[in-house]
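A.B. asks: Dropping in final30.cif, with mmCIF, C-alpha atoms.
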```
data_my_file
#
loop_
_atom_site.label_atom_id
_atom_site.label_comp_id
_atom_site.auth_asym_id
_atom_site.auth_seq_id
_atom_site.Cartn_x
_atom_site.Cartn_y
_atom_site.Cartn_z
CA MET A 163 0.00 0.00 0.00
CA GLY A 164 2.77 2.41 0.95
CA GLN A 165 4.66 1.82 -2.29
CA LYS A 166 1.51 2.51 -4.35
CA ILE A 167 1.05 5.84 -2.58
CA VAL A 168 4.70 6.70 -3.20
CA LYS A 169 4.32 5.84 -6.90
CA LYS A 170 1.21 8.04 -7.13
CA GLU A 171 2.97 10.95 -5.44
CA VAL A 172 6.00 10.62 -7.71
CA GLU A 173 3.82 10.53 -10.84
CA LYS A 174 1.76 13.48 -9.61
CA GLY A 175 4.99 15.40 -8.98
CA LEU A 176 6.22 14.60 -12.50
CA LYS A 177 2.95 15.96 -13.93
CA TYR A 178 3.34 19.16 -11.91
CA TYR A 179 6.97 19.43 -13.01
CA SER A 180 6.07 19.09 -16.70
CA GLU A 181 3.68 22.02 -16.17
CA GLN A 182 6.46 23.99 -14.43
CA GLN A 183 4.52 23.97 -11.15
CA MET A 184 7.72 23.47 -9.20
CA GLU A 185 6.53 24.05 -5.63
CA GLU A 186 3.67 21.58 -6.07
CA ALA A 187 6.06 19.01 -7.58
CA ILE A 188 8.49 19.47 -4.70
CA ASN A 189 5.74 19.01 -2.10
CA GLU A 190 4.60 15.74 -3.70
CA TRP A 191 8.16 14.40 -3.84
CA LEU A 192 8.91 15.45 -0.25
CA ASN A 193 5.80 13.55 0.90
CA ALA A 194 6.96 10.52 -1.07
CA LEU A 195 10.44 10.83 0.46
CA LYS A 196 8.98 10.71 3.99
CA ARG A 197 7.25 7.44 3.16
CA ILE A 198 10.33 5.97 1.51
CA ASN A 199 12.47 6.87 4.51
CA LYS A 200 10.34 4.49 6.59
CA THR A 201 10.92 1.51 4.29
CA ASN A 202 14.27 2.71 2.87
CA PRO A 203 14.39 1.10 -0.61
CA ASP A 204 17.67 2.71 -1.67
CA ALA A 205 17.35 2.75 -5.50
CA GLU A 206 13.88 4.29 -5.32
CA LYS A 207 15.03 6.81 -2.76
CA PHE A 208 18.04 7.71 -4.93
CA ASN A 209 15.82 8.49 -7.94
CA LEU A 210 13.46 10.57 -5.83
CA LEU A 211 16.39 12.57 -4.43
CA GLY A 212 17.48 13.21 -8.02
CA LEU A 213 14.04 14.62 -8.89
CA LEU A 214 14.22 16.93 -5.88
CA CYS A 215 17.70 18.10 -6.93
CA THR A 216 16.39 19.04 -10.38
CA ALA A 217 13.29 20.84 -9.08
CA TYR A 218 15.23 22.77 -6.43
CA TYR A 219 17.81 23.73 -9.05
CA ASP A 220 15.06 25.11 -11.30
CA VAL A 221 13.64 27.35 -8.55
CA GLY A 222 17.06 28.60 -7.42
CA LYS A 223 17.35 26.70 -4.11
CA TYR A 224 20.92 25.56 -4.64
CA ARG A 225 21.74 24.74 -1.02
CA GLU A 226 18.90 22.21 -1.09
CA VAL A 227 20.42 20.75 -4.27
CA LEU A 228 23.63 20.09 -2.31
CA LEU A 229 21.68 18.65 0.63
CA TYR A 230 19.89 16.04 -1.48
CA SER A 231 22.83 15.31 -3.79
CA ASP A 232 24.92 14.53 -0.67
CA GLN A 233 22.28 11.97 0.30
CA GLN A 234 22.40 10.58 -3.25
CA PHE A 235 26.16 10.20 -2.98
CA ASP A 236 25.84 8.27 0.30
CA ILE A 237 23.43 5.80 -1.30
CA ALA A 238 25.61 5.45 -4.41
CA THR A 239 28.63 4.72 -2.21
CA VAL A 240 26.80 2.05 -0.20
CA LEU A 241 25.51 0.35 -3.37
CA ASN A 242 28.82 0.94 -5.22
CA ASP A 243 26.83 1.85 -8.35
CA SER A 244 28.84 3.82 -10.95
CA LEU A 245 25.78 5.32 -12.67
CA MET A 246 24.46 6.55 -9.33
CA LYS A 247 27.87 7.98 -8.43
CA ALA A 248 27.94 9.83 -11.74
CA GLU A 249 24.51 11.40 -11.16
CA ALA A 250 25.33 12.37 -7.56
CA ASN A 251 28.58 14.02 -8.66
CA PHE A 252 26.73 15.87 -11.43
CA ASN A 253 24.16 17.25 -8.99
CA LEU A 254 26.94 18.28 -6.60
CA ALA A 255 28.70 20.00 -9.52
CA ARG A 256 25.72 22.01 -10.72
CA GLY A 257 24.65 23.01 -7.21
CA ASN A 258 28.14 24.30 -6.47
CA GLU A 259 28.35 26.08 -9.84
CA ARG A 260 25.29 28.19 -9.03
CA LEU A 261 26.76 28.95 -5.59
CA SER A 262 29.94 30.18 -7.36
CA GLU A 263 32.01 27.38 -5.79
CA PHE A 264 33.77 26.88 -9.10
CA ASN A 265 36.70 24.77 -7.90
CA LYS A 266 34.27 22.32 -6.28
CA THR A 267 32.26 22.30 -9.52
CA LEU A 268 35.37 21.33 -11.47
CA LEU A 269 36.21 18.62 -8.92
CA TYR A 270 32.77 16.96 -8.97
CA GLY A 271 32.28 17.46 -12.71
CA LYS A 272 35.58 15.78 -13.57
CA ARG A 273 34.76 12.92 -11.21
CA CYS A 274 31.48 12.41 -13.06
CA LEU A 275 33.31 12.25 -16.40
CA GLU A 276 35.37 9.32 -15.08
CA TYR A 277 32.28 7.12 -15.40
CA LYS A 278 32.33 6.18 -19.08
CA LYS A 279 28.81 4.79 -19.50
CA THR A 280 26.95 7.99 -18.70
CA THR A 281 27.16 9.91 -21.99
CA ASP A 282 23.76 11.62 -21.53
CA ILE A 283 24.80 13.07 -18.18
CA HIS A 284 28.22 13.92 -19.61
CA LYS A 285 26.67 16.49 -21.96
CA TYR A 286 25.20 18.35 -19.02
CA VAL A 287 28.40 17.98 -17.03
CA TYR A 288 30.32 19.70 -19.83
CA LEU A 289 27.78 22.56 -19.77
CA CYS A 290 28.26 22.88 -16.01
CA LEU A 291 32.05 22.81 -16.38
CA GLY A 292 31.83 25.43 -19.14
CA ASN A 293 29.98 27.79 -16.81
CA ALA A 294 32.49 27.11 -14.04
CA TYR A 295 35.40 27.93 -16.36
CA ILE A 296 33.65 31.20 -17.26
CA GLY A 297 33.38 31.86 -13.53
CA ILE A 298 37.16 31.56 -13.05
CA SER A 299 37.79 33.37 -16.37
CA ASP A 300 39.35 30.36 -18.12
CA PHE A 301 37.68 31.05 -21.46
CA PRO A 302 39.62 28.58 -23.68
CA ASN A 303 38.49 25.67 -21.48
CA ALA A 304 34.95 27.07 -21.38
CA PHE A 305 34.81 27.00 -25.19
CA LYS A 306 36.10 23.41 -25.24
CA CYS A 307 33.48 22.29 -22.71
CA PHE A 308 30.60 23.83 -24.66
CA GLU A 309 31.95 22.20 -27.82
CA ASN A 310 32.08 18.81 -26.04
CA ALA A 311 28.54 19.31 -24.75
CA VAL A 312 27.03 19.78 -28.19
CA GLY A 313 29.15 17.01 -29.73
CA HIS A 314 27.10 14.26 -31.31
CA ASP A 315 25.80 11.45 -29.16
CA GLU A 316 27.60 8.14 -29.70
CA ASN A 317 24.32 6.21 -29.98
CA ASN A 318 22.09 8.27 -32.28
CA GLY A 319 24.22 11.14 -33.61
CA VAL A 320 21.68 13.73 -32.47
CA CYS A 321 22.44 16.49 -30.01
CA GLU A 322 19.61 17.15 -27.55
CA LYS A 323 18.08 20.54 -28.20
CA GLN A 324 18.16 21.63 -24.60
CA VAL A 325 21.91 20.95 -24.48
CA GLU A 326 22.48 23.19 -27.49
CA ILE A 327 20.23 25.89 -26.04
CA ILE A 328 22.19 26.02 -22.78
CA ALA A 329 25.50 25.97 -24.68
CA CYS A 330 24.32 28.87 -26.88
CA VAL A 331 23.49 30.92 -23.78
CA GLY A 332 26.93 30.20 -22.30
CA LEU A 333 28.69 31.14 -25.55
CA ALA A 334 26.60 34.32 -25.85
CA HIS A 335 27.69 35.26 -22.34
CA ILE A 336 31.38 34.93 -23.25
CA TYR A 337 31.05 36.94 -26.46
CA THR A 338 29.12 39.64 -24.58
CA LEU A 339 31.97 39.87 -22.05
CA PHE A 340 34.37 40.46 -24.96
CA LYS A 341 32.00 42.96 -26.65
CA ASP A 342 31.36 40.81 -29.74
CA TYR A 343 27.68 41.60 -29.67
CA GLU A 344 27.03 40.35 -33.20
CA THR A 345 28.15 36.80 -32.38
CA ALA A 346 26.41 36.93 -28.98
CA THR A 347 23.15 37.90 -30.71
CA SER A 348 23.59 35.08 -33.22
CA HIS A 349 23.92 32.49 -30.43
CA CYS A 350 20.85 33.88 -28.62
CA GLU A 351 18.76 33.85 -31.79
CA ARG A 352 19.84 30.26 -32.49
CA ALA A 353 18.76 29.29 -28.97
CA LEU A 354 15.38 31.01 -29.38
CA ASP A 355 14.81 29.18 -32.67
CA LEU A 356 15.51 25.87 -30.92
CA VAL A 357 13.08 26.73 -28.12
CA ARG A 358 10.28 27.77 -30.45
CA THR A 359 10.66 24.90 -32.92
CA GLY A 360 11.05 22.23 -30.27
CA ASP A 361 9.43 18.82 -30.14
CA GLU A 362 5.92 18.97 -28.67
CA ASN A 363 6.86 16.14 -26.31
CA ILE A 364 9.80 18.06 -24.82
CA ASN A 365 9.13 21.13 -22.72
CA LEU A 366 11.73 23.69 -23.76
CA LEU A 367 9.75 26.77 -22.76
CA LYS A 368 11.54 27.09 -19.41
CA TYR A 369 14.71 27.85 -21.39
CA GLU A 370 13.04 30.71 -23.25
CA ARG A 371 13.35 33.09 -20.30
CA TRP A 372 17.05 32.21 -19.94
CA VAL A 373 17.64 33.18 -23.56
CA GLN A 374 15.47 36.30 -23.34
CA VAL A 375 17.52 37.65 -20.42
CA GLU A 376 20.82 36.99 -22.20
CA LEU A 377 19.54 38.64 -25.39
CA SER A 378 18.23 41.54 -23.30
CA ILE A 379 21.74 42.08 -21.87
CA VAL A 380 23.25 42.10 -25.37
CA ASN A 381 20.72 44.72 -26.52
CA LEU A 382 21.36 46.76 -23.39
CA LYS A 383 25.05 46.89 -24.33
CA LEU A 384 24.01 48.04 -27.82
CA TYR A 385 21.88 50.84 -26.26
CA ARG A 386 18.67 49.30 -27.61
CA PHE A 387 16.94 49.99 -24.33
CA ASN A 388 13.33 49.56 -25.41
CA TYR A 389 13.90 46.13 -26.92
CA ALA A 390 16.06 45.10 -23.95
CA MET A 391 13.27 46.16 -21.58
CA GLU A 392 10.64 44.29 -23.62
CA LEU A 393 12.65 41.05 -23.59
CA CYS A 394 13.36 41.38 -19.89
CA GLU A 395 9.72 42.06 -19.00
CA ASP A 396 8.64 38.90 -20.87
CA ALA A 397 11.28 36.85 -19.04
CA MET A 398 10.27 38.35 -15.68
CA LYS A 399 6.59 37.45 -16.19
CA THR A 400 7.36 33.76 -16.70
CA ALA A 401 10.02 33.75 -13.97
CA MET A 402 7.44 35.12 -11.50
CA LYS A 403 4.79 32.67 -12.70
CA TYR A 404 7.06 29.64 -12.28
CA THR A 405 9.04 30.81 -9.19
CA ASP A 406 12.37 30.96 -11.04
CA ARG A 407 14.33 33.11 -8.59
CA TYR A 408 17.59 33.00 -10.52
CA ILE A 409 15.96 34.57 -13.58
CA GLN A 410 14.01 37.01 -11.37
CA ALA A 411 17.32 38.29 -10.00
CA ARG A 412 18.88 38.56 -13.46
CA CYS A 413 15.85 40.48 -14.73
CA LEU A 414 15.93 42.90 -11.80
CA LEU A 415 19.64 43.48 -12.38
CA THR A 416 19.02 44.10 -16.10
CA PHE A 417 16.17 46.53 -15.33
CA ALA A 418 18.53 48.38 -12.99
CA GLU A 419 21.24 48.53 -15.66
CA ILE A 420 18.79 49.89 -18.25
CA HIS A 421 17.69 52.67 -15.88
CA ARG A 422 21.31 53.45 -14.99
CA LYS A 423 22.26 53.71 -18.66
CA ARG A 424 19.37 56.15 -19.05
CA ASN A 425 20.78 58.14 -16.09
CA ASP A 426 17.66 57.36 -14.09
CA PHE A 427 19.57 56.49 -10.92
CA GLU A 428 16.54 56.92 -8.67
CA ARG A 429 14.77 54.03 -10.42
CA SER A 430 17.88 51.89 -10.87
CA TYR A 431 19.00 51.67 -7.24
CA PRO A 432 15.91 49.93 -5.73
CA ARG A 433 16.14 47.30 -8.49
CA TYR A 434 19.80 46.71 -7.71
CA GLU A 435 18.86 46.22 -4.06
CA SER A 436 16.08 43.77 -4.93
CA ALA A 437 18.39 41.81 -7.23
CA PHE A 438 21.09 41.68 -4.55
CA SER A 439 18.58 40.45 -1.97
CA ILE A 440 17.60 37.49 -4.17
CA TYR A 441 21.19 36.68 -5.16
CA ASN A 442 22.17 36.77 -1.49
CA ASP A 443 19.24 34.53 -0.55
CA ILE A 444 20.00 31.89 -3.19
CA GLY A 445 23.76 32.11 -2.58
CA ASP A 446 24.82 33.26 -6.05
CA ARG A 447 27.98 35.26 -5.38
CA MET A 448 28.72 35.90 -9.05
CA GLY A 449 25.35 37.63 -9.28
CA GLN A 450 26.14 39.63 -6.14
CA ILE A 451 29.38 40.86 -7.76
CA GLU A 452 27.48 42.01 -10.85
CA VAL A 453 24.98 43.91 -8.72
CA LEU A 454 27.65 45.58 -6.56
CA SER A 455 29.52 46.59 -9.73
CA GLY A 456 26.36 48.12 -11.19
CA MET A 457 25.60 49.96 -7.95
CA SER A 458 29.15 51.32 -7.96
CA LYS A 459 28.69 52.65 -11.50
CA ALA A 460 25.43 54.29 -10.40
CA MET A 461 27.29 56.00 -7.54
CA ILE A 462 29.91 57.22 -10.03
CA GLY A 463 27.03 58.60 -12.10
CA ILE A 464 25.88 60.76 -9.18
CA ARG A 465 29.53 61.51 -8.21
CA ASP A 466 29.37 59.80 -4.83
CA TYR A 467 32.92 58.47 -5.17
CA SER A 468 33.38 57.30 -1.58
CA GLN A 469 30.28 55.10 -1.79
CA ALA A 470 31.38 53.86 -5.22
CA LEU A 471 34.77 52.85 -3.78
CA GLU A 472 33.15 51.01 -0.89
CA LEU A 473 30.88 49.05 -3.25
CA ASN A 474 33.85 48.25 -5.49
CA GLU A 475 35.84 46.97 -2.54
CA ARG A 476 32.98 44.61 -1.64
CA ALA A 477 32.77 43.41 -5.24
CA LEU A 478 36.55 42.91 -5.36
CA ALA A 479 36.57 40.91 -2.12
CA LEU A 480 33.87 38.57 -3.48
CA SER A 481 35.68 38.27 -6.83
CA GLN A 482 38.87 37.23 -5.06
CA LYS A 483 36.98 34.76 -2.90
CA ILE A 484 35.45 32.90 -5.86
CA GLY A 485 38.51 33.32 -8.10
CA SER A 486 36.87 35.41 -10.84
CA LYS A 487 39.84 37.16 -12.44
CA MET A 488 37.72 39.00 -15.03
CA ASN A 489 35.70 40.60 -12.24
CA MET A 490 38.88 41.39 -10.31
CA LEU A 491 40.16 43.15 -13.42
CA GLN A 492 36.99 45.21 -13.84
CA CYS A 493 36.91 46.14 -10.15
CA ARG A 494 40.57 47.22 -10.20
CA ARG A 495 39.96 49.36 -13.29
CA ARG A 496 37.08 51.17 -11.62
CA MET A 497 39.10 51.66 -8.45
CA ALA A 498 41.97 53.16 -10.45
CA GLU A 499 39.51 55.53 -12.11
CA LEU A 500 37.86 56.45 -8.81
CA ASN A 501 41.17 57.16 -7.10
CA MET A 502 42.10 59.49 -9.94
CA PHE A 503 38.81 61.35 -9.37
CA ILE A 504 39.72 61.93 -5.70
CA ASP A 505 43.33 62.91 -6.48
CA LYS A 506 44.96 59.71 -5.21
CA SER A 507 47.14 59.11 -8.23
CA GLU A 508 49.61 56.86 -6.43
CA VAL A 509 46.84 54.49 -5.32
CA ALA A 510 45.41 54.59 -8.85
CA GLN A 511 48.83 53.62 -10.19
CA VAL A 512 48.92 50.55 -7.92
CA HIS A 513 45.51 49.42 -9.19
CA ASN A 514 46.59 50.00 -12.81
CA GLY A 515 49.65 47.83 -12.23
CA ILE A 516 47.44 45.00 -10.96
CA VAL A 517 45.11 45.52 -13.96
CA GLN A 518 48.04 45.01 -16.34
CA ALA A 519 49.15 41.88 -14.48
CA LEU A 520 45.64 40.43 -14.73
CA ILE A 521 45.43 41.23 -18.45
CA ASN A 522 48.70 39.38 -19.01
CA ASP A 523 47.62 36.48 -16.80
CA LEU A 524 44.32 36.09 -18.69
CA ASN A 525 45.99 36.39 -22.13
CA LEU A 526 43.49 39.03 -23.21
CA TYR A 527 45.33 39.70 -26.44
CA CYS A 528 44.71 38.69 -30.04
CA GLY A 529 47.42 36.17 -30.92
CA ILE A 530 47.85 37.73 -34.37
CA CYS A 531 47.86 41.52 -33.94
CA SER A 532 48.62 41.55 -30.17
CA GLU A 533 45.88 44.15 -29.54
CA MET A 534 43.78 43.70 -26.42
CA LEU A 535 40.48 41.84 -26.86
CA GLY A 536 37.20 43.27 -25.62
CA GLU A 537 38.30 46.90 -25.50
CA LYS A 538 35.74 47.92 -28.12
CA PRO A 539 32.82 46.22 -29.93
CA GLU A 540 34.40 44.01 -32.56
CA GLN A 541 33.72 40.60 -34.08
CA LEU A 542 35.88 37.73 -32.84
CA ASP A 543 36.65 34.17 -33.91
CA THR A 544 37.47 31.13 -31.78
CA ILE A 545 40.24 28.85 -32.96
CA PRO A 546 40.34 25.11 -32.09
CA CYS A 547 42.49 25.56 -28.97
CA GLY A 548 39.82 27.87 -27.50
CA HIS A 549 41.70 31.16 -27.87
CA LEU A 550 39.99 34.18 -29.36
CA ILE A 551 41.32 36.33 -32.20
CA HIS A 552 39.87 39.26 -34.14
CA THR A 553 37.83 38.16 -37.16
CA ARG A 554 39.77 40.73 -39.19
CA CYS A 555 42.96 38.84 -38.26
CA VAL A 556 41.76 35.44 -39.51
CA PRO A 557 43.32 35.85 -43.02
CA HIS A 558 46.72 36.27 -41.34
CA LEU A 559 46.36 33.15 -39.19
CA ALA A 560 47.75 30.65 -41.75
CA ARG A 561 51.27 32.08 -41.80
CA TYR A 562 51.41 31.82 -38.01
CA THR A 563 50.09 28.25 -37.73
CA TRP A 564 51.85 26.51 -40.61
CA GLY A 565 55.62 26.04 -40.59
CA ARG A 566 57.89 26.09 -43.64
CA LYS A 567 57.58 22.33 -44.09
CA GLY A 568 53.80 22.46 -43.93
CA ARG A 569 53.61 21.16 -40.39
CA LYS A 570 50.79 22.31 -38.18
CA ARG A 571 51.96 24.43 -35.22
CA PRO A 572 50.05 25.66 -32.15
CA CYS A 573 48.28 29.01 -32.32
CA PRO A 574 50.44 32.06 -31.50
CA THR A 575 49.00 32.41 -27.98
CA CYS A 576 49.60 28.73 -27.21
CA ARG A 577 53.19 29.03 -28.50
CA ARG A 578 53.84 32.07 -26.30
CA ASN A 579 52.39 30.31 -23.26
CA SER A 580 54.67 27.28 -23.73
CA SER A 581 57.84 29.28 -24.41
#
```
Let me see the structure of the file written as structure tokens.
C.D. replies:
Amino acid sequence: MGQKIVKKEVEKGLKYYSEQQMEEAINEWLNALKRINKTNPDAEKFNLLGLLCTAYYDVGKYREVLLYSDQQFDIATVLNDSLMKAEANFNLARGNERLSEFNKTLLYGKRCLEYKKTTDIHKYVYLCLGNAYIGISDFPNAFKCFENAVGHDENNGVCEKQVEIIACVGLAHIYTLFKDYETATSHCERALDLVRTGDENINLLKYERWVQVELSIVNLKLYRFNYAMELCEDAMKTAMKYTDRYIQARCLLTFAEIHRKRNDFERSYPRYESAFSIYNDIGDRMGQIEVLSGMSKAMIGIRDYSQALELNERALALSQKIGSKMNMLQCRRRMAELNMFIDKSEVAQVHNGIVQALINDLNLYCGICSEMLGEKPEQLDTIPCGHLIHTRCVPHLARYTWGRKGRKRPCPTCRRNSS
């Protein structure tokens, strides 16, 4: 009798989940888990914990993801089941990625990849690793992970649409960071096409709001404020409807950025505060850094330089804690600028020195022309090793990569790194 009730609750939860009624699904599965805990059938309990991990991930409760994935790992260890170990490590990886624990993400993700028979999970692991590499500003490895994620499945040669959608969003994020807005837009539009032409049996609509926010950010950077606002409003409506707190925070941050760019600081600041509150609640420190950086820029806009410096220092401390070198670089640049405003040129010089060291450490140069990448809007190309070069430099690439005897050589950046 108890097992029949559990089965009913699980199926009811799956129905709610397919309708994106996450809280209802979670309640059904928690009730089922209480019953299972009494009889303790491990395999059934493991699968139920996996469903809870997925639902909690979708609503932005990442600490709960870690709680239940830890329980999964305990069961997998007792049963010594490699497939279970792979799934538990994957859930630990994606929970930690959203909490900006990127080194832990890399640890658990790589452990998952050690289990060879789990190719379906591997695709999602590569997506998770790609996001973690973005977090620590290792862009060549991020590109490689996204490429591995969308690689063809060994069994049927077809890449799952949702995998490509998530990869497109990750790639768009990188190109936006480097101010290649044309390529970023192209990846977002590809993702939207996949969402809107999806199989009727696969619910891809939850990914639409992810893509809309990313495309909104690209259009914000291009000063297309009305279209950015429209996209963000659509994403916010569905995020509110389906309790997607991660997207709610990203939308609030984007609204704040739009108002700041319009010099409407009075309307931007409350939205920054609301975004920060959600990011703080869900434990997303990368999001907190973005909000603090935006708030600092708003303070610069109203010439409150002391408050801007304080916000920057908080953003820098968080960036150092999670190992985000790109954010450290941006914080240091702003602090150099701010110290110049308040006539502290010596302090500004120290920050500028650290900025240069970070630029060198991150290899933020085109391997062909040696100009810095991402300084101005310009189209970029990725070469097989994962390094970026200017699209305008592509015709000159052959002479750098082919030796006199026609032997293939590493890209210029790779050669410099190894010398």
A.B. asks: Step by step, work through what the PyMOL selection byres ((chain A and resi 225) around 12) selects in the shown file, and finish by giving those residues as a compact mmCIF listing (two decimals) with C-alpha atoms, in the frame of the given file.
C.D. replies:
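Listed below is the output, part.txt:
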```
# COMPACT_ATOMS: atom_id res chain seq x y z
CA LEU A 214 14.22 16.93 -5.88
CA CYS A 215 17.70 18.10 -6.93
CA TYR A 218 15.23 22.77 -6.43
CA TYR A 219 17.81 23.73 -9.05
CA VAL A 221 13.64 27.35 -8.55
CA GLY A 222 17.06 28.60 -7.42
CA LYS A 223 17.35 26.70 -4.11
CA TYR A 224 20.92 25.56 -4.64
CA GLU A 226 18.90 22.21 -1.09
CA VAL A 227 20.42 20.75 -4.27
CA LEU A 228 23.63 20.09 -2.31
CA LEU A 229 21.68 18.65 0.63
CA TYR A 230 19.89 16.04 -1.48
CA SER A 231 22.83 15.31 -3.79
CA ASP A 232 24.92 14.53 -0.67
CA ASN A 253 24.16 17.25 -8.99
CA LEU A 254 26.94 18.28 -6.60
CA ALA A 255 28.70 20.00 -9.52
CA ARG A 256 25.72 22.01 -10.72
CA GLY A 257 24.65 23.01 -7.21
CA ASN A 258 28.14 24.30 -6.47
CA GLU A 259 28.35 26.08 -9.84
CA ARG A 260 25.29 28.19 -9.03
CA LEU A 261 26.76 28.95 -5.59
CA SER A 262 29.94 30.18 -7.36
CA GLU A 263 32.01 27.38 -5.79
CA ASP A 443 19.24 34.53 -0.55
CA ILE A 444 20.00 31.89 -3.19
CA GLY A 445 23.76 32.11 -2.58
CA ASP A 446 24.82 33.26 -6.05
```
A.B. asks: For atom CA of A:Leu542 and atom CA of A:Asp342, determine how far apart the two atoms are, in Å to one decimal place.
C.D. replies: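 Separation of atom CA of A:Leu542 and atom CA of A:Asp342: 6.3 Å.
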A.B. asks: Within 8 Å of stretch 348-351 of chain A, counting all atoms listed in the file, which residues show up once you throw out same-chain ones fewer than 5 positions away? Write them as a PDB file with C-alpha atoms, in the frame of the given file, please.
C.D. replies:
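Saved as part05.pdb:
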```pdb
ATOM      1  CA  CYS A 330      24.320  28.870 -26.880  1.00  0.00           C
ATOM      2  CA  VAL A 331      23.490  30.920 -23.780  1.00  0.00           C
ATOM      3  CA  LEU A 333      28.690  31.140 -25.550  1.00  0.00           C
ATOM      4  CA  ALA A 334      26.600  34.320 -25.850  1.00  0.00           C
ATOM      5  CA  VAL A 373      17.640  33.180 -23.560  1.00  0.00           C
ATOM      6  CA  GLN A 374      15.470  36.300 -23.340  1.00  0.00           C
ATOM      7  CA  GLU A 376      20.820  36.990 -22.200  1.00  0.00           C
ATOM      8  CA  LEU A 377      19.540  38.640 -25.390  1.00  0.00           C
TER       9      LEU A 377
END
```
A.B. asks: Could you check how far atom CA of A:Val168 sits from atom CA of A:Asn199, in Å to one decimal?
C.D. replies: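 These two atoms are separated by 10.9 Å.
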A.B. asks: Decode the PyMOL selection byres ((chain A and resi 343) around 8) for the given file into explicit residues and return them as number ranges by chain.
C.D. replies: A: 337-338, 341-342, 344-347, 380, 383-384, 539-541
A.B. asks: Could you state the separation of atom CA of A:Leu245 and atom CA of A:Trp191 in Å, given to one decimal place?
C.D. replies: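 For atom CA of A:Leu245 relative to atom CA of A:Trp191, the distance reads 21.7 Å.
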A.B. asks: Which residues are near A:Ile198? Cut-off 12 Å, only C-alpha atoms, ignore same chain within fewer than 4 positions. Put them as a ChimeraX atom specification.
C.D. replies: /A:164-169,171-172,191-194,202-211
A.B. asks: Translate the PyMOL selection byres ((chain A and resi 395) around 10) into a concrete residue list for this structure, as a ChimeraX atom specification.
C.D. replies: /A:371,374-375,378,389-394,396-401,413-414,416-417
A.B. asks: Got a sec: who's within 8 Å of A:Lys487, counting only C-alpha atoms, leaving out chain neighbours fewer than 5 positions off, as a ChimeraX atom specification?
C.D. replies: /A:298-299,481-482,520,524
A.B. asks: For A:Lys483, find every residue with an atom within 12 Å (counting only C-alpha atoms), except residues of its own chain fewer than 2 positions away, and show them as JSON, numbers by chain.
C.D. replies: {"A": [262, 263, 264, 265, 297, 298, 447, 448, 451, 476, 477, 478, 479, 480, 481, 485, 486, 487, 489, 490]}
A.B. asks: Within 12 Å of (16.0, 55.5, -12.1) in the file's own coordinates, which protein, DNA or RNA residues have an atom, counting all atoms listed in the file? List them as a ChimeraX atom specification.
C.D. replies: /A:417-434,457,460,463-464
A.B. asks: Any idea what's packed within 9 Å of stretch 284-291 of chain A, counting all atoms listed in the file, ignoring anything in its chain fewer than 2 positions away? Could you give it as a PyMOL selection string?
C.D. replies: chain A and resi 248+252+255-256+259+264+267-268+271-272+274-275+277-278+280-282+293-296+303-304+306-313+315+325+328-329+332
